[in-house]
>>> print(open('protein.cif').read())   # mmCIF, C-alpha atoms and all ligand atoms
data_run
#
loop_
_atom_site.label_atom_id
_atom_site.label_comp_id
_atom_site.auth_asym_id
_atom_site.auth_seq_id
_atom_site.Cartn_x
_atom_site.Cartn_y
_atom_site.Cartn_z
CA MET K 15 -20.41 8.81 -9.41
CA ASN K 16 -20.52 10.25 -12.87
CA SER K 17 -18.53 7.57 -14.48
CA ALA K 18 -19.00 4.23 -16.17
CA TYR K 19 -15.26 4.28 -16.78
CA LEU K 20 -14.49 4.39 -13.05
CA ARG K 21 -16.64 1.33 -12.45
CA ARG K 22 -15.01 -0.55 -15.31
CA PHE K 23 -11.36 0.21 -14.46
CA PRO K 24 -9.37 -1.37 -13.00
CA ASP K 25 -10.56 -4.92 -13.78
CA ASP K 26 -10.91 -7.56 -11.03
CA LYS K 27 -7.19 -8.23 -11.01
CA GLY K 28 -6.34 -4.57 -10.75
CA TYR K 29 -5.34 -3.98 -14.38
CA PHE K 30 -5.78 -0.86 -16.47
CA GLY K 31 -5.15 -2.44 -19.86
CA GLU K 32 -1.75 -4.10 -19.48
CA TYR K 33 -0.70 -1.92 -16.51
CA GLY K 34 -1.21 -2.42 -12.78
CA GLY K 35 -1.90 -5.77 -11.13
CA ALA K 36 -0.55 -7.14 -7.87
CA LEU K 37 2.82 -8.78 -8.54
CA ILE K 38 3.68 -9.71 -4.98
CA PRO K 39 4.56 -12.81 -2.93
CA PRO K 40 1.60 -15.04 -1.97
CA GLU K 41 1.59 -14.07 1.72
CA LEU K 42 1.28 -10.39 0.79
CA ALA K 43 -1.20 -11.14 -2.01
CA GLU K 44 -3.53 -12.77 0.48
CA GLN K 45 -3.50 -9.62 2.63
CA PHE K 46 -4.01 -7.27 -0.30
CA ASP K 47 -6.95 -9.38 -1.52
CA ARG K 48 -8.48 -8.98 1.90
CA ILE K 49 -8.01 -5.22 1.79
CA THR K 50 -9.66 -5.16 -1.67
CA ALA K 51 -12.69 -7.11 -0.49
CA GLU K 52 -13.08 -5.03 2.68
CA TYR K 53 -12.63 -1.79 0.77
CA LYS K 54 -15.37 -2.71 -1.70
CA ARG K 55 -17.79 -3.56 1.08
CA ILE K 56 -16.97 -0.80 3.57
CA SER K 57 -16.55 2.11 1.15
CA ARG K 58 -20.13 1.61 -0.07
CA SER K 59 -21.66 1.60 3.43
CA ALA K 60 -23.70 4.62 4.49
CA ASP K 61 -21.68 5.00 7.71
CA PHE K 62 -18.37 5.21 5.88
CA ILE K 63 -19.68 7.68 3.33
CA GLN K 64 -21.23 9.90 6.03
CA GLU K 65 -18.10 9.91 8.17
CA LEU K 66 -15.81 10.70 5.27
CA ARG K 67 -18.10 13.55 4.22
CA TYR K 68 -18.02 14.95 7.74
CA ILE K 69 -14.22 14.74 7.87
CA ARG K 70 -13.81 16.41 4.46
CA LYS K 71 -15.84 19.37 5.61
CA HIS K 72 -15.07 19.80 9.29
CA PHE K 73 -11.49 18.57 9.62
CA GLN K 74 -9.93 19.11 6.19
CA GLY K 75 -11.79 22.33 5.44
CA ARG K 76 -13.20 21.16 2.10
CA PRO K 77 -14.35 22.15 -0.41
CA THR K 78 -11.15 23.96 -1.35
CA PRO K 79 -11.85 26.87 -3.73
CA VAL K 80 -11.36 27.20 -7.47
CA GLN K 81 -9.85 30.57 -8.29
CA TYR K 82 -9.28 32.54 -11.49
CA ALA K 83 -5.57 33.49 -11.63
CA LYS K 84 -6.34 36.84 -13.19
CA ASN K 85 -3.00 38.60 -12.82
CA LEU K 86 -1.01 35.70 -14.17
CA SER K 87 -3.44 35.08 -17.04
CA GLU K 88 -3.44 38.75 -18.10
CA ARG K 89 0.35 38.92 -18.08
CA ILE K 90 0.51 35.93 -20.43
CA GLY K 91 -2.34 37.19 -22.57
CA GLY K 92 -3.50 33.79 -23.80
CA ALA K 93 -5.74 31.19 -22.22
CA ARG K 94 -7.30 31.98 -18.84
CA ILE K 95 -5.71 29.98 -16.00
CA TYR K 96 -7.74 28.73 -13.02
CA LEU K 97 -6.43 27.05 -9.87
CA LYS K 98 -7.97 24.29 -7.77
CA ARG K 99 -6.56 25.26 -4.38
CA GLU K 100 -5.46 21.96 -2.79
CA ASP K 101 -2.76 24.02 -1.05
CA LEU K 102 -5.60 25.10 1.25
CA ASN K 103 -6.52 21.53 2.19
CA HIS K 104 -5.56 20.86 5.84
CA SER K 105 -1.84 20.08 6.20
CA GLY K 106 -1.15 21.94 2.97
CA ALA K 107 -1.53 19.40 0.17
CA HIS K 108 -3.85 16.92 -1.53
CA LYS K 109 -2.23 13.89 0.17
CA LEU K 110 -4.49 14.14 3.20
CA ASN K 111 -7.47 13.30 0.95
CA HIS K 112 -6.37 9.68 0.55
CA CYS K 113 -4.69 9.36 3.95
CA MET K 114 -7.97 10.20 5.72
CA GLY K 115 -9.73 7.63 3.52
CA GLU K 116 -7.11 4.96 4.22
CA ALA K 117 -7.18 5.65 7.97
CA LEU K 118 -10.99 5.58 8.08
CA LEU K 119 -10.89 2.23 6.26
CA ALA K 120 -8.36 0.96 8.84
CA ARG K 121 -10.75 2.00 11.62
CA HIS K 122 -13.65 0.17 9.98
CA MET K 123 -11.47 -2.93 9.53
CA GLY K 124 -10.64 -2.88 13.25
CA LYS K 125 -6.93 -2.14 12.76
CA ARG K 126 -4.90 -0.27 15.38
CA LYS K 127 -1.88 0.71 13.35
CA LEU K 128 -0.91 2.36 10.04
CA ILE K 129 2.38 1.44 8.37
CA ALA K 130 3.99 3.19 5.42
CA GLU K 131 7.25 4.28 3.88
CA THR K 132 8.06 7.85 2.97
CA GLY K 133 10.68 9.44 0.73
CA ALA K 134 10.75 13.20 1.25
CA GLY K 135 8.35 12.82 4.17
CA GLN K 136 5.18 14.38 2.73
CA HIS K 137 3.24 11.12 2.78
CA GLY K 138 4.56 10.36 6.25
CA VAL K 139 3.31 13.70 7.57
CA ALA K 140 -0.14 13.33 5.97
CA LEU K 141 -0.50 9.78 7.31
CA ALA K 142 0.69 10.83 10.78
CA THR K 143 -1.99 13.56 10.69
CA ALA K 144 -4.69 11.02 9.83
CA ALA K 145 -3.44 8.61 12.52
CA ALA K 146 -3.60 11.35 15.16
CA TYR K 147 -7.19 12.19 14.16
CA PHE K 148 -8.28 8.57 14.52
CA GLY K 149 -6.10 7.71 17.52
CA LEU K 150 -4.23 5.04 15.52
CA GLU K 151 -0.57 4.07 15.91
CA CYS K 152 1.56 5.14 12.99
CA GLU K 153 4.90 3.71 11.91
CA ILE K 154 6.77 5.45 9.10
CA HIS K 155 9.81 3.82 7.51
CA MET K 156 12.33 6.27 6.12
CA GLY K 157 15.84 5.88 4.71
CA GLU K 158 18.61 7.40 6.82
CA VAL K 159 19.72 9.54 3.87
CA ASP K 160 16.21 11.02 3.61
CA ILE K 161 15.95 11.53 7.38
CA GLU K 162 19.12 13.61 7.19
CA LYS K 163 17.77 15.69 4.28
CA GLU K 164 14.18 16.19 5.40
CA HIS K 165 14.59 17.21 9.02
CA PRO K 166 11.44 19.41 9.30
CA ASN K 167 9.16 16.60 8.09
CA VAL K 168 10.78 14.13 10.49
CA MET K 169 10.01 16.54 13.33
CA ARG K 170 6.43 17.00 12.13
CA MET K 171 5.84 13.25 12.14
CA ARG K 172 7.27 12.95 15.64
CA VAL K 173 5.23 15.87 16.97
CA LEU K 174 2.10 14.24 15.50
CA GLY K 175 2.92 11.10 17.49
CA ALA K 176 4.21 8.84 14.71
CA LYS K 177 7.16 6.50 15.12
CA VAL K 178 9.83 7.13 12.47
CA VAL K 179 11.83 3.97 11.75
CA PRO K 180 15.26 4.76 10.25
CA VAL K 181 16.27 2.36 7.46
CA GLY K 182 20.01 1.84 7.36
CA PHE K 183 20.66 -0.84 4.73
CA GLY K 184 21.45 -0.56 1.00
CA GLY K 185 21.13 2.93 -0.48
CA ARG K 186 19.22 4.02 2.66
CA THR K 187 16.49 5.83 0.64
CA LEU K 188 12.93 5.20 -0.60
CA LYS K 189 13.45 1.75 -2.12
CA GLU K 190 14.86 0.30 1.10
CA ALA K 191 12.14 2.07 3.11
CA VAL K 192 9.52 0.20 1.04
CA ASP K 193 11.19 -3.15 1.78
CA SER K 194 11.46 -2.37 5.47
CA ALA K 195 7.81 -1.24 5.71
CA PHE K 196 6.55 -4.37 3.90
CA GLU K 197 8.56 -6.53 6.30
CA SER K 198 7.11 -4.83 9.35
CA TYR K 199 3.60 -5.15 7.89
CA LEU K 200 4.06 -8.89 7.30
CA ASP K 201 4.90 -9.27 10.99
CA ASP K 202 1.57 -7.77 12.04
CA THR K 203 -1.06 -8.21 9.31
CA GLU K 204 -3.83 -8.66 11.89
CA GLY K 205 -3.27 -5.39 13.74
CA ALA K 206 -1.86 -3.17 11.00
CA ILE K 207 -2.70 -1.93 7.53
CA TYR K 208 -0.30 -0.72 4.88
CA ALA K 209 -1.10 2.74 3.52
CA ILE K 210 0.43 3.71 0.17
CA GLY K 211 1.03 7.38 -0.67
CA SER K 212 0.01 7.63 -4.33
CA VAL K 213 -1.84 5.80 -7.13
CA VAL K 214 0.97 3.24 -7.26
CA GLY K 215 1.81 -0.11 -5.67
CA PRO K 216 -0.12 -3.37 -5.95
CA HIS K 217 -3.90 -3.50 -6.47
CA PRO K 218 -6.10 -2.21 -4.78
CA PHE K 219 -4.03 0.91 -3.98
CA PRO K 220 -4.05 2.63 -7.41
CA MET K 221 -7.86 2.27 -7.38
CA MET K 222 -8.40 3.15 -3.74
CA VAL K 223 -6.16 6.22 -3.75
CA ARG K 224 -7.80 7.44 -6.98
CA ASP K 225 -11.26 6.99 -5.48
CA PHE K 226 -10.29 8.93 -2.35
CA GLN K 227 -8.78 11.72 -4.48
CA HIS K 228 -11.82 11.86 -6.78
CA VAL K 229 -13.34 14.46 -4.43
CA VAL K 230 -10.95 17.02 -5.97
CA GLY K 231 -12.33 16.45 -9.46
CA ILE K 232 -15.96 16.34 -8.36
CA GLU K 233 -15.65 19.65 -6.52
CA ALA K 234 -13.58 21.32 -9.23
CA ARG K 235 -16.02 20.40 -12.01
CA ASP K 236 -18.96 21.96 -10.13
CA GLN K 237 -16.99 24.99 -9.02
CA PHE K 238 -15.61 25.69 -12.47
CA GLN K 239 -19.09 25.52 -13.99
CA GLU K 240 -20.45 27.78 -11.30
CA LEU K 241 -17.70 30.30 -11.97
CA THR K 242 -17.78 30.31 -15.77
CA GLY K 243 -20.94 28.50 -16.88
CA LEU K 244 -18.79 26.05 -18.85
CA LEU K 245 -16.35 23.18 -18.43
CA PRO K 246 -12.62 23.92 -18.77
CA ASP K 247 -10.94 23.23 -22.13
CA HIS K 248 -7.89 21.79 -20.37
CA VAL K 249 -7.17 20.24 -16.97
CA MET K 250 -3.55 20.07 -15.82
CA ALA K 251 -1.73 18.46 -12.90
CA CYS K 252 1.80 17.42 -11.99
CA VAL K 253 2.56 13.69 -11.96
CA GLY K 254 4.90 12.00 -9.52
CA GLY K 255 3.08 8.77 -8.74
CA GLY K 256 0.02 10.52 -10.12
CA SER K 257 -2.52 10.82 -7.29
CA ASN K 258 -3.35 14.51 -7.48
CA ALA K 259 -3.60 14.21 -11.26
CA MET K 260 -5.88 11.14 -11.10
CA GLY K 261 -8.03 12.90 -8.52
CA ILE K 262 -8.80 15.88 -10.71
CA PHE K 263 -8.85 13.85 -13.98
CA ALA K 264 -11.46 11.48 -12.50
CA GLY K 265 -13.96 14.33 -12.35
CA PHE K 266 -13.66 14.96 -16.11
CA LEU K 267 -13.01 11.54 -17.67
CA GLU K 268 -16.44 11.33 -19.28
CA ASP K 269 -16.29 14.89 -20.61
CA GLU K 270 -14.74 14.14 -23.97
CA ASP K 271 -14.13 17.77 -24.87
CA VAL K 272 -12.03 18.37 -21.77
CA ARG K 273 -8.38 17.61 -22.53
CA LEU K 274 -6.38 16.10 -19.66
CA HIS K 275 -2.68 16.97 -19.27
CA GLY K 276 -0.16 15.36 -16.92
CA VAL K 277 3.08 17.25 -16.26
CA GLU K 278 6.20 15.33 -15.35
CA PRO K 279 9.61 16.49 -14.11
CA MET K 280 12.33 16.94 -16.77
CA GLY K 281 14.82 17.78 -14.02
CA ARG K 282 18.25 19.08 -15.03
CA SER K 283 18.68 17.39 -18.39
CA THR K 284 17.39 14.56 -20.58
CA ARG K 285 20.22 12.25 -19.41
CA LEU K 286 19.21 9.20 -17.39
CA GLY K 287 19.57 10.00 -13.69
CA GLU K 288 18.96 13.74 -14.17
CA HIS K 289 15.16 13.70 -14.60
CA ALA K 290 12.13 11.65 -13.56
CA ALA K 291 10.18 11.82 -16.84
CA THR K 292 8.73 8.32 -16.79
CA MET K 293 6.04 8.83 -19.41
CA THR K 294 8.47 10.45 -21.86
CA PHE K 295 11.47 8.13 -21.51
CA GLY K 296 10.18 5.05 -19.69
CA GLU K 297 9.53 1.51 -20.91
CA ALA K 298 7.14 -1.10 -19.56
CA GLY K 299 8.40 -2.96 -16.51
CA GLU K 300 7.74 -3.97 -12.95
CA ILE K 301 8.35 -1.90 -9.83
CA HIS K 302 7.05 -2.13 -6.23
CA GLY K 303 4.59 -4.88 -7.08
CA PHE K 304 2.88 -3.49 -10.18
CA ARG K 305 3.41 -2.98 -13.91
CA CYS K 306 3.89 0.48 -15.42
CA LEU K 307 6.18 2.57 -17.56
CA MET K 308 9.42 3.05 -15.68
CA LEU K 309 12.94 4.38 -15.99
CA LYS K 310 15.46 1.54 -15.98
CA ASP K 311 19.20 1.31 -15.51
CA ALA K 312 21.40 -0.97 -17.63
CA GLU K 313 20.33 -4.03 -15.60
CA GLY K 314 16.63 -3.25 -15.95
CA ASN K 315 16.25 -2.11 -12.33
CA PRO K 316 14.63 1.21 -11.34
CA ALA K 317 17.03 3.97 -12.39
CA PRO K 318 18.18 6.83 -10.17
CA VAL K 319 16.04 9.91 -10.75
CA HIS K 320 16.19 13.62 -10.03
CA SER K 321 13.76 16.50 -9.75
CA VAL K 322 13.96 19.80 -7.92
CA ALA K 323 10.58 18.71 -6.48
CA SER K 324 11.25 15.75 -4.22
CA GLY K 325 7.60 14.61 -4.40
CA LEU K 326 8.01 13.97 -8.14
CA ASP K 327 11.22 11.93 -8.23
CA TYR K 328 9.87 8.42 -8.64
CA PRO K 329 11.16 6.08 -11.40
CA GLY K 330 7.67 4.56 -11.94
CA VAL K 331 4.21 6.07 -12.43
CA GLY K 332 0.62 5.10 -11.64
CA PRO K 333 -0.63 2.36 -14.01
CA GLU K 334 -3.81 4.28 -14.84
CA HIS K 335 -1.79 7.15 -16.30
CA CYS K 336 0.00 4.69 -18.62
CA TYR K 337 -3.37 3.38 -19.73
CA LEU K 338 -5.00 6.80 -20.20
CA ARG K 339 -2.17 7.86 -22.45
CA GLU K 340 -2.28 4.64 -24.42
CA ILE K 341 -5.99 5.09 -25.20
CA GLY K 342 -5.38 8.76 -26.00
CA ARG K 343 -7.52 10.12 -23.18
CA ALA K 344 -4.68 11.99 -21.46
CA GLU K 345 -1.46 13.58 -22.72
CA TYR K 346 1.82 14.13 -20.88
CA ALA K 347 4.53 16.78 -21.16
CA GLY K 348 7.67 17.64 -19.25
CA ILE K 349 8.78 20.76 -17.36
CA ASP K 350 12.38 21.19 -16.24
CA ASP K 351 13.68 22.43 -12.87
CA GLN K 352 14.37 25.94 -14.15
CA ALA K 353 10.86 26.48 -15.55
CA ALA K 354 9.34 25.14 -12.33
CA ILE K 355 11.37 27.63 -10.26
CA GLU K 356 10.27 30.49 -12.53
CA ALA K 357 6.63 29.46 -12.11
CA PHE K 358 7.15 29.19 -8.34
CA TYR K 359 8.20 32.85 -8.27
CA ALA K 360 5.61 33.98 -10.82
CA LEU K 361 2.67 32.57 -8.86
CA SER K 362 4.12 33.91 -5.61
CA GLN K 363 4.65 37.49 -6.77
CA HIS K 364 1.68 37.90 -9.11
CA GLU K 365 -1.02 35.95 -7.27
CA GLY K 366 0.17 35.90 -3.65
CA ILE K 367 0.30 32.09 -3.59
CA ILE K 368 3.54 30.24 -2.82
CA PRO K 369 3.12 26.85 -4.51
CA ALA K 370 4.85 23.56 -3.73
CA LEU K 371 7.65 22.92 -6.25
CA GLU K 372 5.66 19.88 -7.44
CA SER K 373 2.62 22.05 -8.17
CA ALA K 374 4.88 24.69 -9.77
CA HIS K 375 5.52 22.16 -12.57
CA ALA K 376 1.81 22.20 -13.46
CA VAL K 377 1.69 25.99 -13.24
CA ALA K 378 4.76 26.25 -15.50
CA ARG K 379 3.16 24.01 -18.12
CA ALA K 380 -0.05 26.06 -17.98
CA MET K 381 1.93 29.30 -18.47
CA GLU K 382 3.76 27.84 -21.46
CA TYR K 383 0.65 26.25 -22.96
CA ALA K 384 -1.55 29.35 -22.49
CA HIS K 385 0.34 31.31 -25.17
CA ASP K 386 -1.60 31.57 -28.45
CA ARG K 387 -4.71 30.10 -26.82
CA ALA K 388 -6.77 33.20 -26.13
CA GLY K 389 -10.38 32.30 -25.42
CA GLU K 390 -9.52 28.88 -23.95
CA THR K 391 -9.43 27.94 -20.26
CA ILE K 392 -6.95 25.83 -18.26
CA LEU K 393 -7.77 24.44 -14.83
CA VAL K 394 -4.61 23.59 -12.83
CA ASN K 395 -4.64 21.38 -9.77
CA LEU K 396 -2.46 23.32 -7.33
CA SER K 397 -1.57 20.23 -5.32
CA GLY K 398 0.17 21.88 -2.35
CA ARG K 399 1.71 24.94 -0.73
CA GLY K 400 5.38 25.81 -0.86
CA ASP K 401 6.36 26.49 2.74
CA LYS K 402 8.27 23.21 2.82
CA ASP K 403 10.37 24.37 -0.17
CA LEU K 404 11.20 27.92 0.92
CA ASP K 405 14.60 27.32 2.51
CA TYR K 406 15.78 25.28 -0.44
CA VAL K 407 14.56 27.73 -3.08
CA VAL K 408 15.89 30.84 -1.38
CA GLU K 409 19.31 29.25 -0.92
CA HIS K 410 19.70 27.88 -4.46
CA PHE K 411 17.56 30.28 -6.52
CA PRO K 412 17.67 33.60 -4.62
CA PRO K 413 14.69 35.97 -4.92
CA GLU K 414 16.97 38.80 -6.22
CA ASP K 415 17.34 36.83 -9.45
CA TYR K 416 13.60 36.30 -9.98
CA ILE K 417 11.55 39.09 -8.40
CA GLU K 418 10.64 42.05 -10.59
CA PRO K 419 10.41 45.45 -8.90
CA ARG K 420 6.81 46.73 -8.67
C1 LIG G 1 3.58 14.17 -3.10
C2 LIG G 1 3.19 15.38 -3.83
C3 LIG G 1 2.96 15.36 -5.23
C4 LIG G 1 3.21 14.15 -6.08
O1 LIG G 1 2.37 13.08 -5.82
P1 LIG G 1 1.25 12.59 -6.83
O2 LIG G 1 0.85 11.28 -6.30
O3 LIG G 1 1.84 12.54 -8.19
O4 LIG G 1 0.15 13.60 -6.76
C5 LIG G 1 2.51 16.51 -5.84
N1 LIG G 1 2.32 17.66 -5.14
C6 LIG G 1 2.54 17.72 -3.81
C7 LIG G 1 2.30 19.02 -3.12
C8 LIG G 1 2.98 16.60 -3.11
O5 LIG G 1 3.21 16.68 -1.80
#
>>> encode(input="protein.cif", output="structure tokens")
Amino acid sequence: MNSAYLRRFPDDKGYFGEYGGALIPPELAEQFDRITAEYKRISRSADFIQELRYIRKHFQGRPTPVQYAKNLSERIGGARIYLKREDLNHSGAHKLNHCMGEALLARHMGKRKLIAETGAGQHGVALATAAAYFGLECEIHMGEVDIEKEHPNVMRMRVLGAKVVPVGFGGRTLKEAVDSAFESYLDDTEGAIYAIGSVVGPHPFPMMVRDFQHVVGIEARDQFQELTGLLPDHVMACVGGGSNAMGIFAGFLEDEDVRLHGVEPMGRSTRLGEHAATMTFGEAGEIHGFRCLMLKDAEGNPAPVHSVASGLDYPGVGPEHCYLREIGRAEYAGIDDQAAIEAFYALSQHEGIIPALESAHAVARAMEYAHDRAGETILVNLSGRGDKDLDYVVEHFPPEDYIEPR
């Protein structure tokens, strides 16, 4: 651990400044307190550390490389852009980093089952992967609307042996899936553990998920130094809930000269309902059992959101991001759908890497920011690969409109 900050935050109640906490009913609070205590004890044990290290290397294929995006950088002619290749992590994205940690914790706590909700299905697939590895049961709650939209991920979860529970009440999307998953968890708190998919939710999840993602920042810092002899001037990552960003930021928090940039989805327009830019347009409030900046409708409830990248369309954001901006340690900017699509094609045709649309937001911001910054370096966390987005992109933004002849 390189960091006094990481030991100091969150505080004992799970707060980063005024954000975070565990604002949940007493019966859930009791369970989450137990998870916190067990996590603190187990995650420091030599067995746990050894096993997680083994898994990182031999199952996930870590460390993932850091690569200089030479072609892209030279075309822009400004700052040099580097990529931390989380798209090469097993199952194609950073999410497995915390799912393996959560599942290993479940094993050490003697649980037999993992329960979670999923929106677009990415978290469900990563958790189902972890459950298969450990031989745990896995129950994923998913709104019927999302099941309809995200057919390939539903099939992946089923093939991996997870049970997908369709949620048919209310709006039949993520919010209802959360309620349904909590209910199922409360029925079986002895045998099951709840596994959240980002640095959100009640304490201890923002802390735990950050700690499990920290491996990205630790590796990237070493690798970048090995490659260039220096630290990067800028570190960039897309922010949905904020787990891939917190993972890479955590490696550089104590390096005051390294500027940290979160990139959030500006969607189609700045009108409420057409973006998911929580840091730009949000106000303080309460969502899913914690306090953060959030987008609200007229009644103060979570507003509808949109992004071309389904992993980024969340009306809240991790509490630690709110805090890091408040103290001036991290800065946040928006990228709209169109710029993300252009970056998706640019990275594909000039570097031979098809990025996830979420990750394409970070790449787009790096491309924009690199102008006029010759001599500086930008390290982008490429959170995942884009296979899951291909059908959608090709149908709505055909290659003919974006590919330049060679
Ligand atoms: C889920 C997802 C994200 C967004 O989640 P964070 O918690 O903000 O990191 C980003 N990239 C990919 C590839 C994802 O699957």
>>> closest_residue(input="protein.cif", among="K:Asp403, K:Glu88, K:Glu278, K:Glu233", to="Ala370 in chain K", atoms="only C-alpha atoms")
K:Asp403
>>> residues_around(input="protein.cif", residues="Gly389 in chain K", least_positions_apart="5", cutoff="8 Å", atoms="all atoms listed in the file", output="short mmCIF file (atom, residue, chain, number, x, y, z; two decimals) with C-alpha atoms, keeping the file's coordinate frame")
data_model
loop_
_atom_site.label_atom_id
_atom_site.label_comp_id
_atom_site.auth_asym_id
_atom_site.auth_seq_id
_atom_site.Cartn_x
_atom_site.Cartn_y
_atom_site.Cartn_z
CA GLY K 92 -3.50 33.79 -23.80
CA ALA K 93 -5.74 31.19 -22.22
CA ARG K 94 -7.30 31.98 -18.84
#
>>> closest_residue(input="protein.cif", among="K:Met222, K:Ile341, K:Val179, K:Ala323", to="His375 in chain K", atoms="all atoms listed in the file")
K:Ala323
>>> residues_near_ligand(input="protein.cif", ligand="ligand LIG 1 (chain G)", cutoff="6 Å", atoms="all atoms listed in the file", output="list in words")
Ala107, Gln136, Ser212, Val253, Gly254, Gly255, Gly256, Ser257, Asn258, Ala259, Gly325, Leu326, Ala370, Glu372, Ser373, Ser397 and Gly398 of chain K
>>> atom_distance(input="protein.cif", atom1="CA of Pro216 in chain K", atom2="CA of Arg285 in chain K")
29.0 Å
>>> atom_distance(input="protein.cif", atom1="CA of Val168 in chain K", atom2="CA of Leu102 in chain K")
21.8 Å
>>> residues_around(input="protein.cif", residues="range 65-67 of chain K", least_positions_apart="2", cutoff="8 Å", atoms="all atoms listed in the file", output="PyMOL selection string")
chain K and resi 61-63+69-71+114-115+118
>>> write_last_selection(input="protein.cif", atoms="C-alpha atoms", output="short mmCIF file (atom, residue, chain, number, x, y, z; two decimals), in the coordinates of the input")
data_model
loop_
_atom_site.label_atom_id
_atom_site.label_comp_id
_atom_site.auth_asym_id
_atom_site.auth_seq_id
_atom_site.Cartn_x
_atom_site.Cartn_y
_atom_site.Cartn_z
CA ASP K 61 -21.68 5.00 7.71
CA PHE K 62 -18.37 5.21 5.88
CA ILE K 63 -19.68 7.68 3.33
CA ILE K 69 -14.22 14.74 7.87
CA ARG K 70 -13.81 16.41 4.46
CA LYS K 71 -15.84 19.37 5.61
CA MET K 114 -7.97 10.20 5.72
CA GLY K 115 -9.73 7.63 3.52
CA LEU K 118 -10.99 5.58 8.08
#
>>> closest_residue(input="protein.cif", among="K:Tyr147, K:Ser57, K:Ala142, K:Val159", to="Val178 in chain K", atoms="all atoms listed in the file")
K:Ala142
>>> closest_residue(input="protein.cif", among="K:Tyr33, K:Ala146, K:Ser362, K:Ala378", to="Glu297 in chain K", atoms="all atoms listed in the file")
K:Tyr33
>>> closest_residue(input="protein.cif", among="K:Tyr96, K:Phe295, K:Tyr208, K:Phe226", to="His248 in chain K", atoms="all atoms listed in the file")
K:Tyr96
>>> atom_distance(input="protein.cif", atom1="CA of Gly261 in chain K", atom2="CA of Lys310 in chain K")
27.1 Å
>>> residues_near_point(input="protein.cif", point="(-13.9, 21.1, -19.0)", cutoff="7 Å", atoms="all atoms listed in the file", output="JSON, numbers by chain")
{"K": [244, 245, 246, 247, 248, 266, 269, 271, 272]}
>>> residues_around(input="protein.cif", residues="Gly185 in chain K", least_positions_apart="4", cutoff="8 Å", atoms="only C-alpha atoms", output="VMD selection string")
chain K and resid 157 189 to 190
>>> residues_around(input="protein.cif", residues="Ala354 in chain K", least_positions_apart="2", cutoff="6 Å", atoms="all atoms listed in the file", output="list in words")
Asp351, Gln352, Glu356, Ala357, Ala374, His375 and Ala378 of chain K
>>> closest_residue(input="protein.cif", among="K:Glu116, K:Glu162, K:Glu151, K:Glu288", to="Gly135 in chain K", atoms="all atoms listed in the file")
K:Glu162
>>> residues_around(input="protein.cif", residues="Leu188 in chain K", least_positions_apart="2", cutoff="8 Å", atoms="all atoms listed in the file", output="list in words")
Glu131, Thr132, Gly133, Met156, Gly157, Asp160, Arg186, Glu190, Ala191 and Val192 of chain K
>>> residues_near_point(input="protein.cif", point="(10.8, 12.6, -19.2)", cutoff="10 Å", atoms="all atoms listed in the file", output="list in words")
Val277, Glu278, Pro279, Met280, Gly281, Ser283, Thr284, Arg285, Leu286, Glu288, His289, Ala290, Ala291, Thr292, Met293, Thr294, Phe295, Gly296, Leu309, Tyr346, Ala347, Gly348, Ile349 and Asp350 of chain K
>>> closest_atom_pairs(input="protein.cif", of="range 315-339 of chain K", to="range 35-42 of chain K", cutoff="12 Å", atoms="all atoms listed in the file", output="JSON lines")
{"residue": "K:Gly332", "atom": "CA", "partner": "K:Gly35", "partner_atom": "CA", "distance": 11.2}
{"residue": "K:Pro333", "atom": "CA", "partner": "K:Gly35", "partner_atom": "CA", "distance": 8.7}
{"residue": "K:Glu334", "atom": "CA", "partner": "K:Gly35", "partner_atom": "CA", "distance": 10.9}
>>> write_last_selection(input="protein.cif", atoms="C-alpha atoms", output="short mmCIF file (atom, residue, chain, number, x, y, z; two decimals), keeping the file's coordinate frame")
data_model
loop_
_atom_site.label_atom_id
_atom_site.label_comp_id
_atom_site.auth_asym_id
_atom_site.auth_seq_id
_atom_site.Cartn_x
_atom_site.Cartn_y
_atom_site.Cartn_z
CA GLY K 332 0.62 5.10 -11.64
CA PRO K 333 -0.63 2.36 -14.01
CA GLU K 334 -3.81 4.28 -14.84
#
